[in-house]
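Undergrad: Quick one: the structure is below, questions incoming.
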Amino acid sequence: MTSTATAPAPPARRPPPRGGPGRRWAGWGFLAPFMTVFALVFVAPIAYSLYLSVYRNRLVGGTSFVGADNYRTAFTDPVFWDAVVRVGLFLAVQVPIMLFLALLLALALDSGRLYGRDFFRISIFLPYAVPAVVATLMWGFMYGTRFGLVGNANDLLGITLPDPLSPGLVLASIGNIVTWQFVGYNMLILYSALRTVPHELYEAAEVDGAGQLRVITAVKLPALRGALVIAAVFSVIGSFQLFNEPSILRNLAPNAITSGYTPNLYTYSLAFSGQQQNQAAAVAVIMGLLTMAVAYAVQLFGMRRAV
Amino acid sequence: MNTPPTPRPRLRTRAAAAAGALCLALTACGSGGDTAPGVSAEDVRAALEEGGEITVWAWEPTLEQVVADFEAAHPGVTVDLVNVGTGDEQYTALQNALSAGSGLPDVAQVEYYALGQFTIAGNLLDLAPLGAAGLEGSYSPGPWDAVSDGRGAVHALPMDSGPIALFYNRDVFEELEVEVPTTWEEYVEAARELKEADPDVYIAADNGDAGSTTTYIWQSGGRPYRVAGEEVSIDFTDEGTVRYTETWQRMIDEDLLMDVSAWTDEWYQALGDGSIATLVTGAWMGLNLEAGAPGAAGAWRVAPPPAWEEGDPSSAENGGSSLAVPAGAPNEALAYAFIEYANAGDGVGTRIGGGAFPATTADLESEEFTSAESEYFGGQRVNEVYAESAANVGQGWSYLPYQAHANSLFNDTVGQAYVSGTTLAEGLADWQAASVRYGEDQGFTVTEGG
């Protein structure tokens, strides 16, 4: 390592205490605090999951080494793939809607034509500060067709709104909660990217006679590309990890949200209800790889277009 | 991660058994005869004198007073009562502690249906040599069957029981001029009449609940689960089950059941405002009604559960729990002393005073218990109804050794009958298939009947 380069006292003045190779370890010494924590909280859990995933523990018969059996089971498990397809659908619909809304809001904020801009910004961001569990409980209450907001609307207007917690609509209802929560967060990412656009660019555009729309398409959107890709990657990961919302709404709609509704919920059910920690570990490993692959693809796609 | 390497759990249980043997060899502390060696009744007495500290994981509310009394009676003893969650949450915590081999409580509350998943793995201490063997006659047959294995081992002591009864809102029935049903046939009829008289009133709230469904099947004479050690058979097509399925399917088809999950705010509101007219569930519901729907005081009454055939008083149990000692608990002797105090000794009276429904026959038959009048139920002698139901509980029911997990799959399968074109019978077949798959996966020999 090159820690000597930044050392305040040039070591050459002192007689070298040890040979060259010895000095290389000094760098590791500086890295040690980080590496220890990294190994403990990052490498160890992953290694442990991998270890778990090649064993199987049964109520009758105990623990045995099963190699790739758990992975084979997962790959042919319809419950797992249904869950993957479900979050895939969620991602394909919810993420674009959310990012589009966030983009509109960020552009509106940045336009400088908004009255009460600071209030607007904080109130859109506020849902992000509400813990997901609380937000879901709150929405779950509103979705209630009997005593909730939907129920009130039905009573007041004498209509029958479709039940947001019915099997056909519950995914959209979850999408609504997630959008409500994360639009402000994504808006802030995009907005801060917009703030870094050099003012000269706007002046140049003005000199060239560009209107507001032209400024957006020619200056602001290209400047936002990197931030959009980052926001998209975060959202992709978030979609694949969907857990809080379905897990809490399950209490209200136990038949619409099955125990394997999303991959994470499935992993949870396997591990904590079925005591199938090994199978859960295998599913988690597959999901981790899948998420990485999709997030990477999104990034690659986004960056290529930026060039 | 809070779970240890998987190979350990098995070793732990063996280690626990080995530790028992070690105890016998080193300190001659066991005199349990042929049953599992370990602590004896004398150790229990000694532990009480010596004092010490135990941790109890339970959610039953009346235990608080029992703990206080127990500590007062035995000055050297400290009991740490912890509520780690109700039902599944507690079992998850307990399972994790057992897997980890550390952080175990000395005493854990376990519902009857969930005992199997712990006993099959040898996770619960056999209480017979500690004195539980002599308590057989003290309990109702249902709960005793649930805690003992029929071969001399006793895995827990029954704390309460849940003989079913029909809870009904008398005011609603009177106002809408509908007869209170005494058979399930009448129940369906009453459901129609109630809804016709007031479209907002449902006879019951049900959107798929494993505990209720298995209870009704039990009451109707169905015995879908047969368990002999590691051999299990599942059959949801026997006569009793079919009788339940047909009746319930009619109520689902005609939209006579309120689509609200039990224990939610909506549910309690509906119980309080009269839009749910009846509940057929365990005797423990009385306390819950009092606490959860205080506004409806005086409106509710209790009757024997609707009969499947006129004149047939057959009943069943829903819920009910026991106190057990996890194998490897830090202070087994003192733990048993507490369990015996709470579930067979003076604690029982305390808990009855708090409104609990006991499993001890002496109390169930006592004049003081049966003649107690409940203010909430308009001065009715509700215990009389419960006790009669307890005496009529159908014999020979068993749950799966992995019932807790099977129940978690209930809404994935049977629950679909409530929200889609799937029929209840198809849902039960799916549930059966899912339960078979899990059982086989866990190493049981599972056969399907029907």
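Residue numbering restarts at 1 in every chain; chains get A, B, ... in the order shown in the structure tokens, and ligands count up from 1 in that same order.
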Based on only C-alpha atoms, which of the residues in chain A come within 9 Å of chain B? I want them as a compact mmCIF listing (two decimals) with all heavy atoms, in the first residue's frame.
TA:
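Saved file part-v8.txt follows:
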# COMPACT_ATOMS: atom_id res chain seq x y z
N PRO A 45 -22.06 -12.33 7.29
CA PRO A 45 -23.44 -12.76 7.07
C PRO A 45 -23.64 -13.44 5.72
O PRO A 45 -24.37 -14.43 5.61
CB PRO A 45 -24.25 -11.46 7.13
CG PRO A 45 -23.41 -10.53 7.90
CD PRO A 45 -22.00 -10.90 7.61
N TYR A 48 -22.13 -16.80 5.84
CA TYR A 48 -22.95 -17.66 6.68
C TYR A 48 -24.21 -18.12 5.93
O TYR A 48 -24.62 -19.26 6.04
CB TYR A 48 -23.31 -16.90 7.95
CG TYR A 48 -24.09 -17.71 8.94
CD1 TYR A 48 -23.61 -18.95 9.35
CD2 TYR A 48 -25.28 -17.25 9.46
CE1 TYR A 48 -24.32 -19.72 10.25
CE2 TYR A 48 -26.00 -18.01 10.36
CZ TYR A 48 -25.51 -19.24 10.76
OH TYR A 48 -26.23 -20.00 11.64
N TYR A 51 -23.24 -20.78 3.61
CA TYR A 51 -23.02 -22.00 4.38
C TYR A 51 -24.35 -22.67 4.72
O TYR A 51 -24.54 -23.86 4.52
CB TYR A 51 -22.22 -21.64 5.63
CG TYR A 51 -22.21 -22.68 6.72
CD1 TYR A 51 -21.40 -23.81 6.62
CD2 TYR A 51 -23.00 -22.53 7.85
CE1 TYR A 51 -21.39 -24.77 7.61
CE2 TYR A 51 -23.00 -23.48 8.85
CZ TYR A 51 -22.20 -24.60 8.73
OH TYR A 51 -22.21 -25.54 9.72
N LEU A 52 -25.29 -21.84 5.22
CA LEU A 52 -26.60 -22.38 5.59
C LEU A 52 -27.29 -23.04 4.40
O LEU A 52 -27.97 -24.05 4.54
CB LEU A 52 -27.50 -21.27 6.11
CG LEU A 52 -27.40 -20.85 7.56
CD1 LEU A 52 -28.43 -19.78 7.86
CD2 LEU A 52 -27.61 -22.04 8.48
N TYR A 55 -27.07 -26.83 3.55
CA TYR A 55 -27.49 -27.84 4.51
C TYR A 55 -29.00 -27.94 4.52
O TYR A 55 -29.70 -27.10 3.95
CB TYR A 55 -26.99 -27.49 5.91
CG TYR A 55 -25.53 -27.78 6.10
CD1 TYR A 55 -24.57 -26.82 5.79
CD2 TYR A 55 -25.12 -29.02 6.57
CE1 TYR A 55 -23.23 -27.09 5.93
CE2 TYR A 55 -23.77 -29.29 6.73
CZ TYR A 55 -22.83 -28.33 6.41
OH TYR A 55 -21.51 -28.61 6.57
N ARG A 56 -29.51 -28.94 5.15
CA ARG A 56 -30.94 -29.00 5.38
C ARG A 56 -31.20 -29.55 6.77
O ARG A 56 -30.63 -30.55 7.18
CB ARG A 56 -31.63 -29.89 4.34
CG ARG A 56 -33.13 -29.88 4.57
CD ARG A 56 -33.89 -30.37 3.37
NE ARG A 56 -33.62 -31.78 3.15
CZ ARG A 56 -34.21 -32.48 2.18
NH1 ARG A 56 -35.03 -31.90 1.34
NH2 ARG A 56 -33.95 -33.75 2.04
N ASN A 57 -32.09 -28.85 7.49
CA ASN A 57 -32.43 -29.27 8.84
C ASN A 57 -33.90 -29.68 8.86
O ASN A 57 -34.77 -28.91 8.48
CB ASN A 57 -32.19 -28.10 9.81
CG ASN A 57 -32.49 -28.49 11.22
OD1 ASN A 57 -32.46 -29.68 11.56
ND2 ASN A 57 -32.79 -27.52 12.06
N ARG A 58 -34.16 -30.89 9.29
CA ARG A 58 -35.54 -31.36 9.30
C ARG A 58 -35.97 -31.64 10.72
O ARG A 58 -35.15 -31.96 11.58
CB ARG A 58 -35.66 -32.66 8.49
CG ARG A 58 -35.02 -32.57 7.13
CD ARG A 58 -34.87 -33.95 6.55
NE ARG A 58 -35.82 -34.17 5.48
CZ ARG A 58 -36.02 -35.34 4.92
NH1 ARG A 58 -35.40 -36.41 5.36
NH2 ARG A 58 -36.86 -35.45 3.93
N LEU A 59 -37.28 -31.55 10.95
CA LEU A 59 -37.83 -31.86 12.27
C LEU A 59 -37.53 -33.31 12.63
O LEU A 59 -37.20 -33.63 13.75
CB LEU A 59 -39.34 -31.64 12.27
CG LEU A 59 -39.82 -30.21 12.54
CD1 LEU A 59 -41.30 -30.09 12.27
CD2 LEU A 59 -39.52 -29.81 13.96
N VAL A 60 -37.64 -34.17 11.62
CA VAL A 60 -37.33 -35.57 11.83
C VAL A 60 -36.11 -35.88 10.98
O VAL A 60 -36.17 -35.77 9.76
CB VAL A 60 -38.50 -36.48 11.38
CG1 VAL A 60 -38.13 -37.93 11.60
CG2 VAL A 60 -39.76 -36.11 12.13
N GLY A 61 -35.01 -36.26 11.59
CA GLY A 61 -33.84 -36.64 10.80
C GLY A 61 -32.67 -35.69 10.95
O GLY A 61 -31.57 -36.00 10.54
N GLY A 62 -32.89 -34.52 11.52
CA GLY A 62 -31.79 -33.63 11.81
C GLY A 62 -31.18 -32.96 10.60
O GLY A 62 -31.82 -32.82 9.56
N THR A 63 -29.91 -32.58 10.75
CA THR A 63 -29.25 -31.77 9.74
C THR A 63 -28.38 -32.62 8.84
O THR A 63 -27.69 -33.53 9.32
CB THR A 63 -28.39 -30.70 10.43
OG1 THR A 63 -29.25 -29.93 11.24
CG2 THR A 63 -27.71 -29.82 9.41
N SER A 64 -28.43 -32.34 7.54
CA SER A 64 -27.54 -33.06 6.64
C SER A 64 -27.06 -32.12 5.55
O SER A 64 -27.71 -31.12 5.24
CB SER A 64 -28.29 -34.25 6.02
OG SER A 64 -29.52 -33.80 5.49
N GLY A 144 -59.69 0.63 4.34
CA GLY A 144 -60.78 -0.20 4.87
C GLY A 144 -62.12 0.17 4.25
O GLY A 144 -62.50 1.34 4.21
N ARG A 146 -64.96 -0.83 5.38
CA ARG A 146 -66.03 -0.82 6.35
C ARG A 146 -65.98 0.42 7.23
O ARG A 146 -66.94 1.17 7.34
CB ARG A 146 -65.97 -2.08 7.21
CG ARG A 146 -67.30 -2.53 7.69
CD ARG A 146 -67.23 -3.95 8.20
NE ARG A 146 -66.90 -4.88 7.14
CZ ARG A 146 -67.79 -5.37 6.29
NH1 ARG A 146 -69.04 -5.04 6.39
NH2 ARG A 146 -67.43 -6.21 5.35
N PHE A 147 -64.81 0.64 7.84
CA PHE A 147 -64.71 1.79 8.72
C PHE A 147 -63.65 2.79 8.25
O PHE A 147 -63.46 3.83 8.85
CB PHE A 147 -64.38 1.34 10.15
CG PHE A 147 -65.43 0.44 10.73
CD1 PHE A 147 -65.22 -0.92 10.82
CD2 PHE A 147 -66.63 0.97 11.15
CE1 PHE A 147 -66.20 -1.75 11.35
CE2 PHE A 147 -67.61 0.15 11.68
CZ PHE A 147 -67.39 -1.20 11.77
N GLY A 148 -62.95 2.46 7.18
CA GLY A 148 -61.87 3.33 6.72
C GLY A 148 -62.36 4.44 5.82
O GLY A 148 -63.56 4.67 5.67
N SER A 166 -58.59 -6.10 -2.16
CA SER A 166 -58.98 -7.36 -2.79
C SER A 166 -57.80 -7.90 -3.60
O SER A 166 -56.90 -7.14 -3.95
CB SER A 166 -60.19 -7.12 -3.70
OG SER A 166 -59.85 -6.21 -4.71
N PRO A 167 -57.78 -9.21 -3.86
CA PRO A 167 -56.62 -9.80 -4.51
C PRO A 167 -56.20 -9.08 -5.80
O PRO A 167 -55.01 -8.94 -6.08
CB PRO A 167 -57.08 -11.23 -4.82
CG PRO A 167 -58.14 -11.51 -3.82
CD PRO A 167 -58.83 -10.20 -3.55
N ASN A 251 -52.27 -8.64 7.62
CA ASN A 251 -53.21 -8.77 8.74
C ASN A 251 -54.61 -8.37 8.34
O ASN A 251 -55.59 -8.86 8.88
CB ASN A 251 -52.76 -7.91 9.91
CG ASN A 251 -51.41 -8.34 10.42
OD1 ASN A 251 -51.12 -9.53 10.43
ND2 ASN A 251 -50.58 -7.40 10.82
N LEU A 252 -54.69 -7.42 7.39
CA LEU A 252 -56.00 -6.93 6.97
C LEU A 252 -56.55 -7.74 5.80
O LEU A 252 -57.76 -7.87 5.62
CB LEU A 252 -55.90 -5.46 6.55
CG LEU A 252 -55.43 -4.50 7.64
CD1 LEU A 252 -55.22 -3.11 7.06
CD2 LEU A 252 -56.43 -4.45 8.76
N ALA A 253 -55.67 -8.24 4.96
CA ALA A 253 -56.11 -8.97 3.77
C ALA A 253 -55.34 -10.29 3.68
O ALA A 253 -54.53 -10.49 2.78
CB ALA A 253 -55.86 -8.12 2.53
N PRO A 254 -55.62 -11.20 4.61
CA PRO A 254 -54.82 -12.44 4.68
C PRO A 254 -54.96 -13.32 3.44
O PRO A 254 -54.06 -14.08 3.13
CB PRO A 254 -55.37 -13.15 5.92
CG PRO A 254 -56.73 -12.59 6.12
CD PRO A 254 -56.69 -11.17 5.62
N ASN A 255 -56.10 -13.20 2.75
CA ASN A 255 -56.28 -14.08 1.59
C ASN A 255 -55.69 -13.47 0.32
O ASN A 255 -55.28 -14.18 -0.59
CB ASN A 255 -57.76 -14.36 1.37
CG ASN A 255 -58.39 -15.01 2.58
OD1 ASN A 255 -57.76 -15.84 3.23
ND2 ASN A 255 -59.60 -14.61 2.89
N ALA A 256 -55.65 -12.14 0.27
CA ALA A 256 -55.13 -11.48 -0.93
C ALA A 256 -53.61 -11.52 -0.94
O ALA A 256 -53.00 -11.62 -2.00
CB ALA A 256 -55.63 -10.04 -0.99
N ILE A 257 -52.99 -11.41 0.22
CA ILE A 257 -51.53 -11.44 0.29
C ILE A 257 -51.11 -12.77 0.88
O ILE A 257 -51.26 -13.01 2.08
CB ILE A 257 -51.01 -10.26 1.14
CG1 ILE A 257 -51.46 -8.94 0.50
CG2 ILE A 257 -49.50 -10.31 1.25
CD1 ILE A 257 -51.13 -7.73 1.33
N THR A 258 -50.59 -13.64 0.05
CA THR A 258 -50.22 -14.97 0.51
C THR A 258 -48.89 -14.93 1.25
O THR A 258 -48.20 -13.92 1.25
CB THR A 258 -50.10 -15.93 -0.69
OG1 THR A 258 -49.15 -15.37 -1.61
CG2 THR A 258 -51.42 -16.08 -1.40
N SER A 259 -48.53 -16.04 1.87
CA SER A 259 -47.30 -16.06 2.67
C SER A 259 -46.06 -15.95 1.79
O SER A 259 -44.98 -15.68 2.29
CB SER A 259 -47.25 -17.33 3.53
OG SER A 259 -47.18 -18.46 2.69
N GLY A 260 -46.21 -16.16 0.48
CA GLY A 260 -45.07 -16.00 -0.42
C GLY A 260 -45.33 -14.90 -1.43
O GLY A 260 -45.00 -15.04 -2.60
N SER A 269 -41.27 -16.20 5.62
CA SER A 269 -42.18 -17.28 6.00
C SER A 269 -41.42 -18.60 6.13
O SER A 269 -41.64 -19.37 7.05
CB SER A 269 -43.29 -17.46 4.96
OG SER A 269 -43.99 -16.27 4.79
N PHE A 272 -39.02 -18.24 9.42
CA PHE A 272 -39.53 -18.04 10.76
C PHE A 272 -40.83 -18.77 11.05
O PHE A 272 -41.19 -18.94 12.21
CB PHE A 272 -39.69 -16.55 11.05
CG PHE A 272 -38.37 -15.86 11.10
CD1 PHE A 272 -37.96 -15.03 10.08
CD2 PHE A 272 -37.52 -16.10 12.16
CE1 PHE A 272 -36.73 -14.42 10.13
CE2 PHE A 272 -36.27 -15.50 12.21
CZ PHE A 272 -35.88 -14.66 11.19
N SER A 273 -41.56 -19.16 10.01
CA SER A 273 -42.78 -19.90 10.30
C SER A 273 -42.54 -21.38 10.06
O SER A 273 -43.01 -22.22 10.80
CB SER A 273 -43.92 -19.36 9.43
OG SER A 273 -44.83 -20.36 9.15
N GLY A 274 -41.76 -21.69 9.02
CA GLY A 274 -41.56 -23.09 8.69
C GLY A 274 -40.25 -23.67 9.20
O GLY A 274 -39.97 -24.83 9.00
N GLN A 275 -39.45 -22.87 9.89
CA GLN A 275 -38.14 -23.32 10.38
C GLN A 275 -37.27 -23.86 9.25
O GLN A 275 -36.44 -24.73 9.47
CB GLN A 275 -38.29 -24.39 11.47
CG GLN A 275 -39.12 -23.96 12.64
CD GLN A 275 -38.55 -22.74 13.33
OE1 GLN A 275 -37.35 -22.56 13.41
NE2 GLN A 275 -39.42 -21.85 13.80
N GLN A 276 -37.50 -23.37 8.01
CA GLN A 276 -36.68 -23.85 6.90
C GLN A 276 -35.62 -22.80 6.59
O GLN A 276 -35.57 -22.26 5.49
CB GLN A 276 -37.56 -24.10 5.67
CG GLN A 276 -38.58 -25.21 5.89
CD GLN A 276 -39.75 -25.10 4.94
OE1 GLN A 276 -40.56 -24.18 5.03
NE2 GLN A 276 -39.89 -26.04 4.03
N GLN A 277 -34.75 -22.54 7.56
CA GLN A 277 -33.75 -21.50 7.38
C GLN A 277 -32.84 -21.78 6.20
O GLN A 277 -32.37 -20.87 5.54
CB GLN A 277 -32.89 -21.34 8.65
CG GLN A 277 -33.56 -20.56 9.75
CD GLN A 277 -34.26 -21.46 10.75
OE1 GLN A 277 -34.39 -22.65 10.50
NE2 GLN A 277 -34.70 -20.90 11.86
N ASN A 278 -32.57 -23.06 5.95
CA ASN A 278 -31.65 -23.40 4.88
C ASN A 278 -32.24 -23.07 3.52
O ASN A 278 -31.58 -22.49 2.66
CB ASN A 278 -31.29 -24.87 4.96
CG ASN A 278 -30.83 -25.26 6.35
OD1 ASN A 278 -31.62 -25.72 7.16
ND2 ASN A 278 -29.58 -25.00 6.64
Undergrad: What's around stretch 156-158 of chain B at 9 Å? Count only C-alpha atoms, leave out sequence neighbours fewer than 5 positions away in its own chain, and write the answer as a short mmCIF file (atom, residue, chain, number, x, y, z; two decimals) with all heavy atoms, in the first residue's frame.
TA:
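And here is the file that came out, out26.cif:
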data_model
loop_
_atom_site.label_atom_id
_atom_site.label_comp_id
_atom_site.auth_asym_id
_atom_site.auth_seq_id
_atom_site.Cartn_x
_atom_site.Cartn_y
_atom_site.Cartn_z
N VAL B 110 -47.33 -22.35 25.89
CA VAL B 110 -47.47 -22.95 24.56
C VAL B 110 -48.92 -23.41 24.39
O VAL B 110 -49.45 -24.11 25.25
CB VAL B 110 -46.53 -24.16 24.37
CG1 VAL B 110 -46.65 -24.72 22.97
CG2 VAL B 110 -45.08 -23.78 24.67
N TYR B 112 -52.01 -25.59 22.97
CA TYR B 112 -52.05 -27.04 22.75
C TYR B 112 -51.68 -27.42 21.32
O TYR B 112 -50.97 -28.38 21.08
CB TYR B 112 -53.45 -27.58 23.08
CG TYR B 112 -53.83 -27.37 24.53
CD1 TYR B 112 -55.04 -26.78 24.87
CD2 TYR B 112 -52.96 -27.74 25.54
CE1 TYR B 112 -55.39 -26.58 26.21
CE2 TYR B 112 -53.29 -27.53 26.87
CZ TYR B 112 -54.50 -26.95 27.20
OH TYR B 112 -54.83 -26.74 28.50
N LEU B 115 -47.89 -27.56 20.68
CA LEU B 115 -46.99 -28.39 21.48
C LEU B 115 -46.21 -29.37 20.61
O LEU B 115 -45.04 -29.62 20.84
CB LEU B 115 -47.79 -29.17 22.53
CG LEU B 115 -48.14 -28.42 23.83
CD1 LEU B 115 -49.14 -29.22 24.64
CD2 LEU B 115 -46.89 -28.15 24.64
N LEU B 124 -39.05 -30.14 24.87
CA LEU B 124 -39.70 -29.84 26.15
C LEU B 124 -39.33 -30.90 27.17
O LEU B 124 -39.28 -32.09 26.87
CB LEU B 124 -41.22 -29.78 25.97
CG LEU B 124 -41.75 -28.72 25.00
CD1 LEU B 124 -43.27 -28.78 24.95
CD2 LEU B 124 -41.28 -27.33 25.39
N LEU B 125 -39.10 -30.46 28.40
CA LEU B 125 -38.73 -31.35 29.48
C LEU B 125 -39.92 -32.23 29.85
O LEU B 125 -41.05 -31.74 29.93
CB LEU B 125 -38.32 -30.49 30.69
CG LEU B 125 -37.80 -31.24 31.91
CD1 LEU B 125 -36.41 -31.80 31.61
CD2 LEU B 125 -37.75 -30.31 33.11
N ASP B 126 -39.66 -33.52 30.05
CA ASP B 126 -40.73 -34.40 30.52
C ASP B 126 -40.97 -34.10 32.00
O ASP B 126 -40.09 -34.26 32.84
CB ASP B 126 -40.31 -35.86 30.34
CG ASP B 126 -41.39 -36.81 30.82
OD1 ASP B 126 -42.51 -36.33 31.13
OD2 ASP B 126 -41.12 -38.03 30.88
N LEU B 127 -42.19 -33.66 32.30
CA LEU B 127 -42.50 -33.23 33.66
C LEU B 127 -42.99 -34.37 34.55
O LEU B 127 -43.18 -34.19 35.75
CB LEU B 127 -43.57 -32.12 33.63
CG LEU B 127 -43.26 -30.91 32.74
CD1 LEU B 127 -44.42 -29.93 32.78
CD2 LEU B 127 -41.99 -30.22 33.21
N ALA B 132 -45.65 -34.37 37.76
CA ALA B 132 -46.80 -34.17 36.89
C ALA B 132 -47.55 -35.48 36.63
O ALA B 132 -48.74 -35.47 36.33
CB ALA B 132 -46.36 -33.56 35.56
N LEU B 135 -50.81 -35.97 38.36
CA LEU B 135 -51.85 -34.95 38.20
C LEU B 135 -52.90 -35.32 37.15
O LEU B 135 -53.80 -34.54 36.87
CB LEU B 135 -51.21 -33.61 37.82
CG LEU B 135 -50.34 -32.96 38.89
CD1 LEU B 135 -49.61 -31.75 38.33
CD2 LEU B 135 -51.19 -32.55 40.08
N TYR B 139 -57.19 -32.98 35.59
CA TYR B 139 -57.54 -32.16 34.43
C TYR B 139 -58.62 -32.79 33.57
O TYR B 139 -58.77 -34.02 33.55
CB TYR B 139 -56.30 -31.90 33.57
CG TYR B 139 -55.24 -31.09 34.26
CD1 TYR B 139 -54.11 -31.69 34.81
CD2 TYR B 139 -55.38 -29.70 34.38
CE1 TYR B 139 -53.15 -30.94 35.46
CE2 TYR B 139 -54.42 -28.95 35.03
CZ TYR B 139 -53.30 -29.57 35.57
OH TYR B 139 -52.36 -28.81 36.21
N PRO B 143 -57.67 -31.37 27.49
CA PRO B 143 -56.37 -30.75 27.73
C PRO B 143 -55.30 -31.75 28.14
O PRO B 143 -54.15 -31.63 27.74
CB PRO B 143 -56.66 -29.77 28.86
CG PRO B 143 -58.11 -29.45 28.74
CD PRO B 143 -58.75 -30.70 28.24
N TRP B 144 -55.68 -32.76 28.95
CA TRP B 144 -54.66 -33.73 29.38
C TRP B 144 -54.14 -34.51 28.19
O TRP B 144 -52.94 -34.77 28.08
CB TRP B 144 -55.23 -34.67 30.45
CG TRP B 144 -54.15 -35.57 30.98
CD1 TRP B 144 -53.94 -36.88 30.68
CD2 TRP B 144 -53.11 -35.19 31.89
NE1 TRP B 144 -52.83 -37.35 31.32
CE2 TRP B 144 -52.29 -36.34 32.08
CE3 TRP B 144 -52.76 -34.01 32.55
CZ2 TRP B 144 -51.17 -36.33 32.90
CZ3 TRP B 144 -51.65 -34.01 33.37
CH2 TRP B 144 -50.87 -35.15 33.55
N ALA B 146 -53.83 -33.44 25.32
CA ALA B 146 -52.99 -32.55 24.53
C ALA B 146 -51.58 -32.43 25.09
O ALA B 146 -50.63 -32.25 24.34
CB ALA B 146 -53.64 -31.17 24.43
N VAL B 147 -51.43 -32.55 26.42
CA VAL B 147 -50.10 -32.34 27.00
C VAL B 147 -49.35 -33.63 27.26
O VAL B 147 -48.15 -33.62 27.51
CB VAL B 147 -50.17 -31.53 28.32
CG1 VAL B 147 -50.74 -30.15 28.08
CG2 VAL B 147 -50.95 -32.28 29.39
N SER B 148 -50.07 -34.78 27.24
CA SER B 148 -49.38 -36.04 27.52
C SER B 148 -49.31 -36.87 26.26
O SER B 148 -50.12 -36.70 25.36
CB SER B 148 -50.12 -36.80 28.62
OG SER B 148 -51.47 -37.01 28.23
N GLY B 320 -56.65 -22.59 23.95
CA GLY B 320 -56.26 -23.14 25.24
C GLY B 320 -54.76 -23.34 25.24
O GLY B 320 -54.18 -23.68 24.22
N SER B 321 -54.13 -23.08 26.37
CA SER B 321 -52.68 -23.22 26.37
C SER B 321 -52.16 -23.83 27.64
O SER B 321 -52.90 -24.03 28.61
CB SER B 321 -52.02 -21.87 26.09
OG SER B 321 -52.54 -20.91 26.94
N SER B 322 -50.89 -24.13 27.61
CA SER B 322 -50.25 -24.83 28.71
C SER B 322 -48.96 -24.10 29.06
O SER B 322 -48.52 -23.22 28.32
CB SER B 322 -49.92 -26.25 28.28
OG SER B 322 -49.02 -26.21 27.18
N LEU B 323 -48.38 -24.47 30.18
CA LEU B 323 -47.05 -23.97 30.52
C LEU B 323 -46.08 -25.14 30.45
O LEU B 323 -46.35 -26.20 31.00
CB LEU B 323 -47.04 -23.36 31.93
CG LEU B 323 -47.84 -22.08 32.13
CD1 LEU B 323 -47.75 -21.61 33.58
CD2 LEU B 323 -47.34 -20.97 31.20
N ALA B 324 -44.96 -24.92 29.78
CA ALA B 324 -43.98 -25.99 29.59
C ALA B 324 -42.60 -25.50 30.02
O ALA B 324 -42.36 -24.31 30.14
CB ALA B 324 -43.95 -26.43 28.13
N VAL B 325 -41.70 -26.46 30.23
CA VAL B 325 -40.31 -26.14 30.55
C VAL B 325 -39.44 -26.55 29.37
O VAL B 325 -39.35 -27.73 29.05
CB VAL B 325 -39.84 -26.89 31.81
CG1 VAL B 325 -38.40 -26.52 32.14
CG2 VAL B 325 -40.75 -26.60 32.99
N ILE B 339 -44.88 -23.81 37.62
CA ILE B 339 -45.95 -24.33 36.77
C ILE B 339 -47.01 -25.03 37.60
O ILE B 339 -48.21 -24.84 37.42
CB ILE B 339 -45.39 -25.31 35.72
CG1 ILE B 339 -44.53 -24.57 34.72
CG2 ILE B 339 -46.50 -26.04 35.01
CD1 ILE B 339 -44.01 -25.46 33.63
N GLU B 340 -46.53 -25.84 38.56
CA GLU B 340 -47.48 -26.58 39.37
C GLU B 340 -48.31 -25.62 40.21
O GLU B 340 -49.52 -25.79 40.36
CB GLU B 340 -46.76 -27.60 40.25
CG GLU B 340 -47.70 -28.67 40.75
CD GLU B 340 -47.00 -29.71 41.61
OE1 GLU B 340 -46.79 -29.47 42.81
OE2 GLU B 340 -46.65 -30.77 41.05
N ASN B 343 -50.81 -23.83 37.69
CA ASN B 343 -51.78 -24.62 36.93
C ASN B 343 -52.44 -25.75 37.70
O ASN B 343 -53.37 -26.39 37.20
CB ASN B 343 -51.13 -25.20 35.67
CG ASN B 343 -50.81 -24.13 34.65
OD1 ASN B 343 -51.11 -22.96 34.88
ND2 ASN B 343 -50.20 -24.52 33.56
N ALA B 344 -51.92 -26.04 38.89
CA ALA B 344 -52.57 -27.09 39.67
C ALA B 344 -52.78 -26.63 41.12
O ALA B 344 -53.61 -27.16 41.83
CB ALA B 344 -51.72 -28.37 39.65
N PRO B 358 -60.55 -22.45 33.55
CA PRO B 358 -59.53 -23.44 33.95
C PRO B 358 -59.67 -24.76 33.19
O PRO B 358 -60.65 -24.99 32.49
CB PRO B 358 -59.85 -23.65 35.43
CG PRO B 358 -61.33 -23.43 35.51
CD PRO B 358 -61.67 -22.38 34.48
N ALA B 359 -58.66 -25.62 33.39
CA ALA B 359 -58.69 -26.95 32.81
C ALA B 359 -58.78 -27.99 33.91
O ALA B 359 -58.77 -29.18 33.65
CB ALA B 359 -57.45 -27.18 31.96
N THR B 360 -58.84 -27.53 35.16
CA THR B 360 -58.88 -28.45 36.30
C THR B 360 -60.32 -28.84 36.61
O THR B 360 -61.17 -27.98 36.81
CB THR B 360 -58.26 -27.77 37.54
OG1 THR B 360 -58.59 -26.38 37.49
CG2 THR B 360 -56.76 -27.91 37.56
#
